[in-house]
Amino acid sequence: MKKHWLLWGTVILLSACGGNSAQEEKETTQTAPAEAAATASKTSTLIFLDKSRSVNEDKDFVEKKYSKVLTSLVQEDIRRAGDNIQVWLIHENTAQSKALDLTSQTTLEATEGMSQTDVEAAEASYDLALQRERLNFAKQVLSQLATPNVGKSSEQTDIQASLAAINQRVGEGYAVKVYYFSDMVESMKQADRRDFHKTPPKTTAEADAWAKADAASLKARYPNLSSVEVSIVLPFEPTTSSKVNNPNVSEYWKTFFKEVGVKKVEEKI
C-alpha cells in the first residue's frame, strides 16, 4: 500500500470534516448540560477488515474506497469521551483476531462559572484535542488496513464468527455499529460450514434458504443483536461483473443478519 497516500488522505479528510464536526460538537456543548453528555450511552464501532486472500486491498480502487470510508467513520463515531473503536481481522480465526481497541479519552473542561471568553477557549481546546485523537485513531486503523496477512489464516474466511464479538460488545452496555470491509465470501472447510468459493448460492431463493437455515442454529447463541446496525463495504467497482461480485452472496448476508436479529443492514456504496 501507499502509506504516504494513506497518511495524507487521512489528514485531508479529517481537516475537511473537522470544521463542520467541530461546530456540531460546540453546538452540542452549548445546548446540552454537561451531566447529559456524561450519562449518554457509550458507543462502540466494530470494524471487521477482511484479511483473506480473496480481497486484494492493494488495488488502487479498494485502497482509496476503504481508506475514505474508514477515515470518515472515525470522524463520525468518535464524538465524546468513552466512544470506542475496535478493529477485528477476518480470516480463519476471526474470533481471536482483535487488532485494535481504542477509546476516546478527550473530555470538555468544566465551564461552570467561566466567562464567555473562557468558555469559548475551553470549547476550542476540546475540539482541537478531539480532532487530534481522531487523527491518531484513523492512522492506527489505516495501518491495520495496510498490513498484509501472509500467514496460513488467510486461506479461510470466517465471517460468521464475528457475531460473538458483536454480541459480547452489546452485552457490555454499548450501542454498537458494525462495518465489514470484505467481499463477504465465507469460506470454511468444515462440513457444517459454507464455502462460497467452491459452492456459492446460485439464486436469490437459494441464498435466502441457506441464510435462514444457518441463522436458525445461531440466533439463540447471540441474543443481543436487536439494536445493532451493520454496514457492508464491498471491494468492488460499480462495473464489476456479477461473476466476481455475486449478488446472491450479498442476498445471503442481508437475509442472514436479518434472521439473527440485527436492526439494520446496508451496503455502503
# chains A, B, ... in the order shown; residues from 1 in each chain; ligands from 1
$ residues_around --residues "segment 203-210 of chain A" --least-positions-apart "3" --cutoff "9 Å" --atoms "only C-alpha atoms" --output "ChimeraX atom specification"
/A:200,213-215,247-256
$ residues_around --residues "Ala121 of chain A" --least-positions-apart "3" --cutoff "12 Å" --atoms "only C-alpha atoms" --output "PyMOL selection string"
chain A and resi 26+108-111+114-118+124-128
$ residues_around --residues "Gly151 of chain A" --least-positions-apart "6" --cutoff "12 Å" --atoms "only C-alpha atoms" --output "NGL selection string"
:A and (51-53 or 91-93)
$ write_last_selection --atoms "all heavy atoms" --output "compact mmCIF listing (two decimals), in the first residue's frame"
# COMPACT_ATOMS: atom_id res chain seq x y z
N LYS A 51 -8.94 -10.09 5.84
CA LYS A 51 -7.54 -10.38 5.58
C LYS A 51 -7.36 -11.76 4.94
O LYS A 51 -6.32 -12.39 5.10
CB LYS A 51 -6.74 -10.29 6.88
CG LYS A 51 -6.64 -8.88 7.44
CD LYS A 51 -5.90 -7.96 6.51
CE LYS A 51 -5.81 -6.54 7.05
NZ LYS A 51 -5.02 -5.66 6.15
N SER A 52 -8.38 -12.21 4.21
CA SER A 52 -8.25 -13.46 3.47
C SER A 52 -7.73 -13.15 2.06
O SER A 52 -7.72 -12.00 1.63
CB SER A 52 -9.59 -14.20 3.41
OG SER A 52 -10.57 -13.38 2.78
N ARG A 53 -7.34 -14.17 1.35
CA ARG A 53 -6.68 -13.97 0.06
C ARG A 53 -7.59 -13.44 -1.03
O ARG A 53 -7.12 -12.90 -2.02
CB ARG A 53 -6.06 -15.30 -0.40
CG ARG A 53 -4.87 -15.72 0.45
CD ARG A 53 -4.28 -17.02 -0.06
NE ARG A 53 -3.13 -17.42 0.76
CZ ARG A 53 -2.46 -18.55 0.60
NH1 ARG A 53 -2.82 -19.39 -0.35
NH2 ARG A 53 -1.43 -18.84 1.38
N HIS A 91 -10.42 -13.70 8.95
CA HIS A 91 -9.65 -14.76 8.30
C HIS A 91 -10.09 -16.08 8.92
O HIS A 91 -11.24 -16.19 9.39
CB HIS A 91 -8.14 -14.54 8.42
CG HIS A 91 -7.64 -14.17 9.79
ND1 HIS A 91 -7.94 -14.89 10.93
CD2 HIS A 91 -6.85 -13.14 10.21
CE1 HIS A 91 -7.35 -14.35 11.97
NE2 HIS A 91 -6.69 -13.27 11.57
N GLU A 92 -9.23 -17.06 8.97
CA GLU A 92 -9.61 -18.37 9.51
C GLU A 92 -9.99 -18.32 10.99
O GLU A 92 -10.86 -19.06 11.44
CB GLU A 92 -8.45 -19.35 9.32
CG GLU A 92 -8.72 -20.74 9.86
CD GLU A 92 -7.51 -21.65 9.71
OE1 GLU A 92 -6.49 -21.20 9.18
OE2 GLU A 92 -7.62 -22.82 10.12
N ASN A 93 -9.36 -17.41 11.74
CA ASN A 93 -9.56 -17.36 13.19
C ASN A 93 -10.09 -15.99 13.62
O ASN A 93 -9.51 -15.32 14.47
CB ASN A 93 -8.24 -17.68 13.91
CG ASN A 93 -8.44 -17.92 15.39
OD1 ASN A 93 -9.53 -18.27 15.84
ND2 ASN A 93 -7.38 -17.74 16.16
$ residues_around --residues "segment 161-175 of chain A" --least-positions-apart "2" --cutoff "10 Å" --atoms "only C-alpha atoms" --output "PyMOL selection string"
chain A and resi 41-46+48+82-84+86+88-98+157-159+177-178+180+218-219+221-229+257+260
$ closest_residue --among "A:Met188, A:Glu133, A:Glu63, A:Lys68" --to "Ala81 of chain A" --atoms "only C-alpha atoms"
A:Glu133
$ select_by_dssp --residues "segment 4-214 of chain A" --states "strand (DSSP E or B)" --output "JSON, numbers by chain"
{"A": [43, 44, 45, 46, 47, 48, 49, 50, 84, 85, 86, 87, 88, 89, 90, 98, 99, 100, 101, 102, 103, 157, 175, 176, 177, 178, 179, 180, 181, 187, 195]}
$ closest_residue --among "A:Thr71, A:Thr240, A:Thr106, A:Gln190" --to "Gln140 of chain A" --atoms "only C-alpha atoms"
A:Thr71
$ decode --residues "segment 215-235 of chain A" --atoms "N, CA, C and O atoms" --output "compact mmCIF listing (two decimals), in the first residue's frame"
# COMPACT_ATOMS: atom_id res chain seq x y z
N ALA A 215 -28.89 -19.15 10.15
CA ALA A 215 -29.25 -18.24 11.24
C ALA A 215 -30.05 -18.95 12.32
O ALA A 215 -29.91 -18.64 13.51
N ALA A 216 -30.88 -19.89 11.92
CA ALA A 216 -31.73 -20.59 12.88
C ALA A 216 -30.91 -21.31 13.94
O ALA A 216 -31.32 -21.41 15.11
N SER A 217 -29.74 -21.80 13.56
CA SER A 217 -28.90 -22.54 14.51
C SER A 217 -28.04 -21.62 15.37
O SER A 217 -27.39 -22.08 16.31
N LEU A 218 -28.06 -20.32 15.07
CA LEU A 218 -27.17 -19.38 15.78
C LEU A 218 -27.91 -18.33 16.61
O LEU A 218 -27.33 -17.77 17.55
N LYS A 219 -29.16 -18.07 16.28
CA LYS A 219 -29.86 -16.95 16.89
C LYS A 219 -29.92 -17.03 18.41
O LYS A 219 -29.70 -16.04 19.11
N ALA A 220 -30.17 -18.22 18.94
CA ALA A 220 -30.26 -18.37 20.39
C ALA A 220 -28.91 -18.14 21.07
O ALA A 220 -28.86 -17.72 22.23
N ARG A 221 -27.84 -18.38 20.34
CA ARG A 221 -26.50 -18.22 20.90
C ARG A 221 -26.11 -16.74 21.02
O ARG A 221 -25.29 -16.37 21.85
N TYR A 222 -26.72 -15.90 20.19
CA TYR A 222 -26.36 -14.48 20.16
C TYR A 222 -27.63 -13.63 20.32
O TYR A 222 -28.19 -13.13 19.35
N PRO A 223 -28.10 -13.45 21.57
CA PRO A 223 -29.39 -12.81 21.80
C PRO A 223 -29.36 -11.28 21.85
O PRO A 223 -30.41 -10.65 22.02
N ASN A 224 -28.17 -10.66 21.70
CA ASN A 224 -28.05 -9.22 21.95
C ASN A 224 -27.95 -8.37 20.69
O ASN A 224 -27.44 -7.25 20.73
N LEU A 225 -28.44 -8.85 19.56
CA LEU A 225 -28.16 -8.19 18.29
C LEU A 225 -29.25 -7.25 17.80
O LEU A 225 -29.10 -6.60 16.76
N SER A 226 -30.35 -7.13 18.53
CA SER A 226 -31.52 -6.41 18.00
C SER A 226 -31.31 -4.91 17.83
O SER A 226 -32.05 -4.26 17.09
N SER A 227 -30.31 -4.34 18.48
CA SER A 227 -30.05 -2.89 18.34
C SER A 227 -28.89 -2.59 17.40
O SER A 227 -28.56 -1.42 17.17
N VAL A 228 -28.31 -3.60 16.81
CA VAL A 228 -27.08 -3.45 16.03
C VAL A 228 -27.38 -3.02 14.60
O VAL A 228 -28.30 -3.52 13.96
N GLU A 229 -26.55 -2.08 14.09
CA GLU A 229 -26.62 -1.66 12.69
C GLU A 229 -25.37 -2.17 11.97
O GLU A 229 -24.25 -1.96 12.43
N VAL A 230 -25.58 -2.83 10.83
CA VAL A 230 -24.48 -3.43 10.07
C VAL A 230 -24.34 -2.73 8.72
O VAL A 230 -25.33 -2.55 8.00
N SER A 231 -23.12 -2.35 8.40
CA SER A 231 -22.80 -1.78 7.08
C SER A 231 -21.75 -2.66 6.42
O SER A 231 -20.77 -3.06 7.04
N ILE A 232 -21.97 -2.98 5.15
CA ILE A 232 -21.04 -3.81 4.38
C ILE A 232 -20.40 -2.95 3.29
O ILE A 232 -21.11 -2.34 2.48
N VAL A 233 -19.08 -2.89 3.31
CA VAL A 233 -18.34 -2.11 2.31
C VAL A 233 -17.61 -3.10 1.41
O VAL A 233 -16.58 -3.67 1.77
N LEU A 234 -18.17 -3.32 0.22
CA LEU A 234 -17.62 -4.30 -0.71
C LEU A 234 -16.43 -3.72 -1.48
O LEU A 234 -16.41 -2.52 -1.78
N PRO A 235 -15.45 -4.56 -1.85
CA PRO A 235 -14.25 -4.08 -2.53
C PRO A 235 -14.38 -4.09 -4.05
O PRO A 235 -13.41 -4.38 -4.76
